[in-house]
Amino acid sequence: MKLLKRISLLVVVVFIAMQFFSPTKNVSPGNHTKVFITETNPTPELQNIFENSCYDCHSNNTEYPWYNNIAPISYWMANHVNEGKEHLNFSEWEKYSLDKKDHLLEEIEEEVIEGKMPLLEYTYTHGDARLTEGQVNDLVEWVKQTRIIYQLGKQPK
């Protein structure tokens with residue numbers, strides 16, 4: 001019984017200590033997706049989808065919920081955001097080649113059609129991130145049109 005109390009106390013102490021050390025937040029000032037929006041020209045409705053469903057994990061600016069201030073949730077979210085940005089970062093769209101942009105758009109199409117994005121656990125706490133069938137169809141159609149332009153070797157306007 002004493003061992004269980006000691007272990008419990010140690011867990012509580014570690015949990016409290018973790019609260020004083022938090023990962024760096026993914027926050028940057030300014031219009032961090034301007035190049036992407038300007039270059040690909042999504043409709044206002046699609047821009048809203050990107051803002052509500054994509055940018056928190058796939059840009060250099062995350063709007064954190066209140067519970068991100070609690071460790072170990074903050075560490076899990078930081079890892080999740082970093083992983084998302086490794087796959088696609090809308091804030092760094094200008095750094096991608098035309099072929100890479102085409103490939104990323106193809107990935108967006110596949111992930112959305114298969115229901116893999118936005119992540120289910122993200123939509124639990126971000127209800128406006130859930131995509132309707134109509135939104136998925138609009139996004140997929142826009143991706144197809146934009147990819148054609150990239151495949152022709154031109155920047156969309």
# chains A, B, ... in the order shown; residues from 1 in each chain; ligands from 1
call {"tool": "residues_around", "arguments": {"residues": "A:Ala129", "least_positions_apart": "4", "cutoff": "9 Å", "atoms": "only C-alpha atoms", "output": "compact mmCIF listing (two decimals) with N, CA and C atoms, in the first residue's frame"}}
result
# COMPACT_ATOMS: atom_id res chain seq x y z
N ILE A 49 -13.52 26.92 -45.37
CA ILE A 49 -13.22 25.52 -45.08
C ILE A 49 -11.76 25.38 -44.65
N PHE A 50 -10.86 26.00 -45.40
CA PHE A 50 -9.43 25.93 -45.04
C PHE A 50 -9.19 26.50 -43.65
N GLU A 51 -9.81 27.63 -43.36
CA GLU A 51 -9.63 28.27 -42.05
C GLU A 51 -10.17 27.40 -40.92
N ASN A 52 -11.33 26.82 -41.11
CA ASN A 52 -11.97 26.04 -40.04
C ASN A 52 -11.47 24.61 -39.92
N SER A 53 -11.00 24.04 -41.03
CA SER A 53 -10.70 22.61 -41.04
C SER A 53 -9.24 22.26 -41.25
N CYS A 54 -8.43 23.21 -41.70
CA CYS A 54 -7.07 22.85 -42.13
C CYS A 54 -5.94 23.63 -41.44
N PRO A 118 -10.70 16.54 -42.28
CA PRO A 118 -9.96 16.75 -41.05
C PRO A 118 -10.08 15.54 -40.13
N TYR A 122 -10.10 15.92 -34.18
CA TYR A 122 -10.14 17.38 -34.29
C TYR A 122 -11.58 17.88 -34.37
N THR A 123 -12.40 17.16 -35.10
CA THR A 123 -13.79 17.59 -35.28
C THR A 123 -14.63 17.41 -34.01
N TYR A 124 -14.17 16.59 -33.08
CA TYR A 124 -14.89 16.45 -31.80
C TYR A 124 -14.99 17.78 -31.08
N THR A 125 -13.91 18.53 -31.10
CA THR A 125 -13.88 19.80 -30.37
C THR A 125 -13.99 21.01 -31.28
call {"tool": "residues_around", "arguments": {"residues": "A:Ile148", "least_positions_apart": "5", "cutoff": "9 Å", "atoms": "only C-alpha atoms", "output": "number ranges by chain"}}
result
A: 102, 143, 153
call {"tool": "closest_residue", "arguments": {"among": "A:Ser59, A:Pro65, A:Ile70, A:Lys34", "to": "A:Ser22", "atoms": "only C-alpha atoms"}}
result
A:Ile70
call {"tool": "closest_residue", "arguments": {"among": "A:Ile16, A:Leu131, A:Met117, A:Leu3", "to": "A:Cys57", "atoms": "only C-alpha atoms"}}
result
A:Met117
call {"tool": "closest_residue", "arguments": {"among": "A:Gly127, A:Trp76, A:Asn69, A:Arg147", "to": "A:Lys100", "atoms": "only C-alpha atoms"}}
result
A:Arg147
call {"tool": "atom_distance", "arguments": {"atom1": "atom CA of A:Trp142", "atom2": "atom CA of A:Glu110"}}
result
13.2 Å
call {"tool": "atom_distance", "arguments": {"atom1": "atom CA of A:Ser74", "atom2": "atom CA of A:Glu86"}}
result
18.3 Å
call {"tool": "residues_around", "arguments": {"residues": "A:His103", "least_positions_apart": "4", "cutoff": "12 Å", "atoms": "only C-alpha atoms", "output": "MDAnalysis selection string"}}
result
chainID A and resid 87:88 96:99 107:110 143:144 146:148 150:151
call {"tool": "closest_residue", "arguments": {"among": "A:Asn79, A:Asn68, A:Asn41, A:Asn26", "to": "A:Tyr55", "atoms": "only C-alpha atoms"}}
result
A:Asn26
call {"tool": "residues_around", "arguments": {"residues": "A:Asn89", "least_positions_apart": "2", "cutoff": "6 Å", "atoms": "only C-alpha atoms", "output": "number ranges by chain"}}
result
A: 58-59, 85, 91-92
call {"tool": "closest_residue", "arguments": {"among": "A:Phe20, A:Phe15, A:Phe90, A:Trp66", "to": "A:Ile37", "atoms": "only C-alpha atoms"}}
result
A:Phe90
call {"tool": "atom_distance", "arguments": {"atom1": "atom CA of A:Tyr75", "atom2": "atom CA of A:Gly30"}}
result
25.0 Å
call {"tool": "decode", "arguments": {"residues": "stretch 82-109 of chain A", "atoms": "N, CA and C atoms", "output": "PDB file, in the first residue's frame"}}
result
ATOM      1  N   ASN A  82       3.123  19.783 -35.507  1.00  0.00           N
ATOM      2  CA  ASN A  82       4.406  19.649 -36.207  1.00  0.00           C
ATOM      3  C   ASN A  82       4.345  18.568 -37.273  1.00  0.00           C
ATOM      4  N   GLU A  83       3.699  17.467 -36.958  1.00  0.00           N
ATOM      5  CA  GLU A  83       3.548  16.389 -37.929  1.00  0.00           C
ATOM      6  C   GLU A  83       2.681  16.836 -39.109  1.00  0.00           C
ATOM      7  N   GLY A  84       1.610  17.548 -38.826  1.00  0.00           N
ATOM      8  CA  GLY A  84       0.754  18.053 -39.895  1.00  0.00           C
ATOM      9  C   GLY A  84       1.498  18.994 -40.825  1.00  0.00           C
ATOM     10  N   LYS A  85       2.317  19.867 -40.247  1.00  0.00           N
ATOM     11  CA  LYS A  85       3.080  20.825 -41.055  1.00  0.00           C
ATOM     12  C   LYS A  85       4.167  20.142 -41.876  1.00  0.00           C
ATOM     13  N   GLU A  86       4.666  19.001 -41.413  1.00  0.00           N
ATOM     14  CA  GLU A  86       5.650  18.254 -42.198  1.00  0.00           C
ATOM     15  C   GLU A  86       5.030  17.760 -43.500  1.00  0.00           C
ATOM     16  N   HIS A  87       3.767  17.394 -43.451  1.00  0.00           N
ATOM     17  CA  HIS A  87       3.086  16.881 -44.638  1.00  0.00           C
ATOM     18  C   HIS A  87       2.626  18.006 -45.560  1.00  0.00           C
ATOM     19  N   LEU A  88       2.120  19.081 -44.988  1.00  0.00           N
ATOM     20  CA  LEU A  88       1.594  20.205 -45.765  1.00  0.00           C
ATOM     21  C   LEU A  88       1.568  21.439 -44.887  1.00  0.00           C
ATOM     22  N   ASN A  89       2.188  22.509 -45.385  1.00  0.00           N
ATOM     23  CA  ASN A  89       2.172  23.778 -44.655  1.00  0.00           C
ATOM     24  C   ASN A  89       1.724  24.873 -45.620  1.00  0.00           C
ATOM     25  N   PHE A  90       0.486  25.300 -45.478  1.00  0.00           N
ATOM     26  CA  PHE A  90      -0.053  26.338 -46.358  1.00  0.00           C
ATOM     27  C   PHE A  90       0.719  27.648 -46.232  1.00  0.00           C
ATOM     28  N   SER A  91       1.345  27.886 -45.106  1.00  0.00           N
ATOM     29  CA  SER A  91       2.109  29.120 -44.895  1.00  0.00           C
ATOM     30  C   SER A  91       3.401  29.134 -45.701  1.00  0.00           C
ATOM     31  N   GLU A  92       3.825  27.994 -46.186  1.00  0.00           N
ATOM     32  CA  GLU A  92       5.065  27.912 -46.955  1.00  0.00           C
ATOM     33  C   GLU A  92       4.801  27.467 -48.391  1.00  0.00           C
ATOM     34  N   TRP A  93       3.625  27.763 -48.884  1.00  0.00           N
ATOM     35  CA  TRP A  93       3.205  27.351 -50.220  1.00  0.00           C
ATOM     36  C   TRP A  93       4.178  27.836 -51.290  1.00  0.00           C
ATOM     37  N   GLU A  94       4.716  29.041 -51.128  1.00  0.00           N
ATOM     38  CA  GLU A  94       5.617  29.598 -52.140  1.00  0.00           C
ATOM     39  C   GLU A  94       6.915  28.809 -52.252  1.00  0.00           C
ATOM     40  N   LYS A  95       7.270  28.025 -51.266  1.00  0.00           N
ATOM     41  CA  LYS A  95       8.519  27.257 -51.282  1.00  0.00           C
ATOM     42  C   LYS A  95       8.389  25.951 -52.057  1.00  0.00           C
ATOM     43  N   TYR A  96       7.165  25.531 -52.339  1.00  0.00           N
ATOM     44  CA  TYR A  96       6.951  24.270 -53.034  1.00  0.00           C
ATOM     45  C   TYR A  96       7.073  24.461 -54.546  1.00  0.00           C
ATOM     46  N   SER A  97       7.625  23.448 -55.228  1.00  0.00           N
ATOM     47  CA  SER A  97       7.675  23.467 -56.693  1.00  0.00           C
ATOM     48  C   SER A  97       6.270  23.235 -57.243  1.00  0.00           C
ATOM     49  N   LEU A  98       6.094  23.482 -58.544  1.00  0.00           N
ATOM     50  CA  LEU A  98       4.781  23.242 -59.156  1.00  0.00           C
ATOM     51  C   LEU A  98       4.373  21.777 -59.014  1.00  0.00           C
ATOM     52  N   ASP A  99       5.331  20.867 -59.218  1.00  0.00           N
ATOM     53  CA  ASP A  99       5.028  19.441 -59.074  1.00  0.00           C
ATOM     54  C   ASP A  99       4.618  19.098 -57.646  1.00  0.00           C
ATOM     55  N   LYS A 100       5.309  19.676 -56.679  1.00  0.00           N
ATOM     56  CA  LYS A 100       4.987  19.423 -55.273  1.00  0.00           C
ATOM     57  C   LYS A 100       3.596  19.971 -54.942  1.00  0.00           C
ATOM     58  N   LYS A 101       3.282  21.164 -55.455  1.00  0.00           N
ATOM     59  CA  LYS A 101       1.957  21.748 -55.221  1.00  0.00           C
ATOM     60  C   LYS A 101       0.864  20.853 -55.807  1.00  0.00           C
ATOM     61  N   ASP A 102       1.108  20.352 -57.011  1.00  0.00           N
ATOM     62  CA  ASP A 102       0.149  19.449 -57.643  1.00  0.00           C
ATOM     63  C   ASP A 102      -0.036  18.198 -56.788  1.00  0.00           C
ATOM     64  N   HIS A 103       1.071  17.650 -56.305  1.00  0.00           N
ATOM     65  CA  HIS A 103       1.002  16.448 -55.467  1.00  0.00           C
ATOM     66  C   HIS A 103       0.255  16.727 -54.159  1.00  0.00           C
ATOM     67  N   LEU A 104       0.529  17.860 -53.536  1.00  0.00           N
ATOM     68  CA  LEU A 104      -0.148  18.205 -52.282  1.00  0.00           C
ATOM     69  C   LEU A 104      -1.653  18.363 -52.494  1.00  0.00           C
ATOM     70  N   LEU A 105      -2.036  18.969 -53.608  1.00  0.00           N
ATOM     71  CA  LEU A 105      -3.462  19.093 -53.914  1.00  0.00           C
ATOM     72  C   LEU A 105      -4.094  17.718 -54.129  1.00  0.00           C
ATOM     73  N   GLU A 106      -3.352  16.834 -54.798  1.00  0.00           N
ATOM     74  CA  GLU A 106      -3.834  15.465 -54.980  1.00  0.00           C
ATOM     75  C   GLU A 106      -4.042  14.788 -53.619  1.00  0.00           C
ATOM     76  N   GLU A 107      -3.105  15.001 -52.700  1.00  0.00           N
ATOM     77  CA  GLU A 107      -3.223  14.430 -51.356  1.00  0.00           C
ATOM     78  C   GLU A 107      -4.437  15.006 -50.615  1.00  0.00           C
ATOM     79  N   ILE A 108      -4.657  16.304 -50.763  1.00  0.00           N
ATOM     80  CA  ILE A 108      -5.833  16.921 -50.138  1.00  0.00           C
ATOM     81  C   ILE A 108      -7.096  16.237 -50.643  1.00  0.00           C
ATOM     82  N   GLU A 109      -7.181  16.076 -51.956  1.00  0.00           N
ATOM     83  CA  GLU A 109      -8.351  15.432 -52.555  1.00  0.00           C
ATOM     84  C   GLU A 109      -8.556  14.028 -51.980  1.00  0.00           C
TER      85      GLU A 109
END
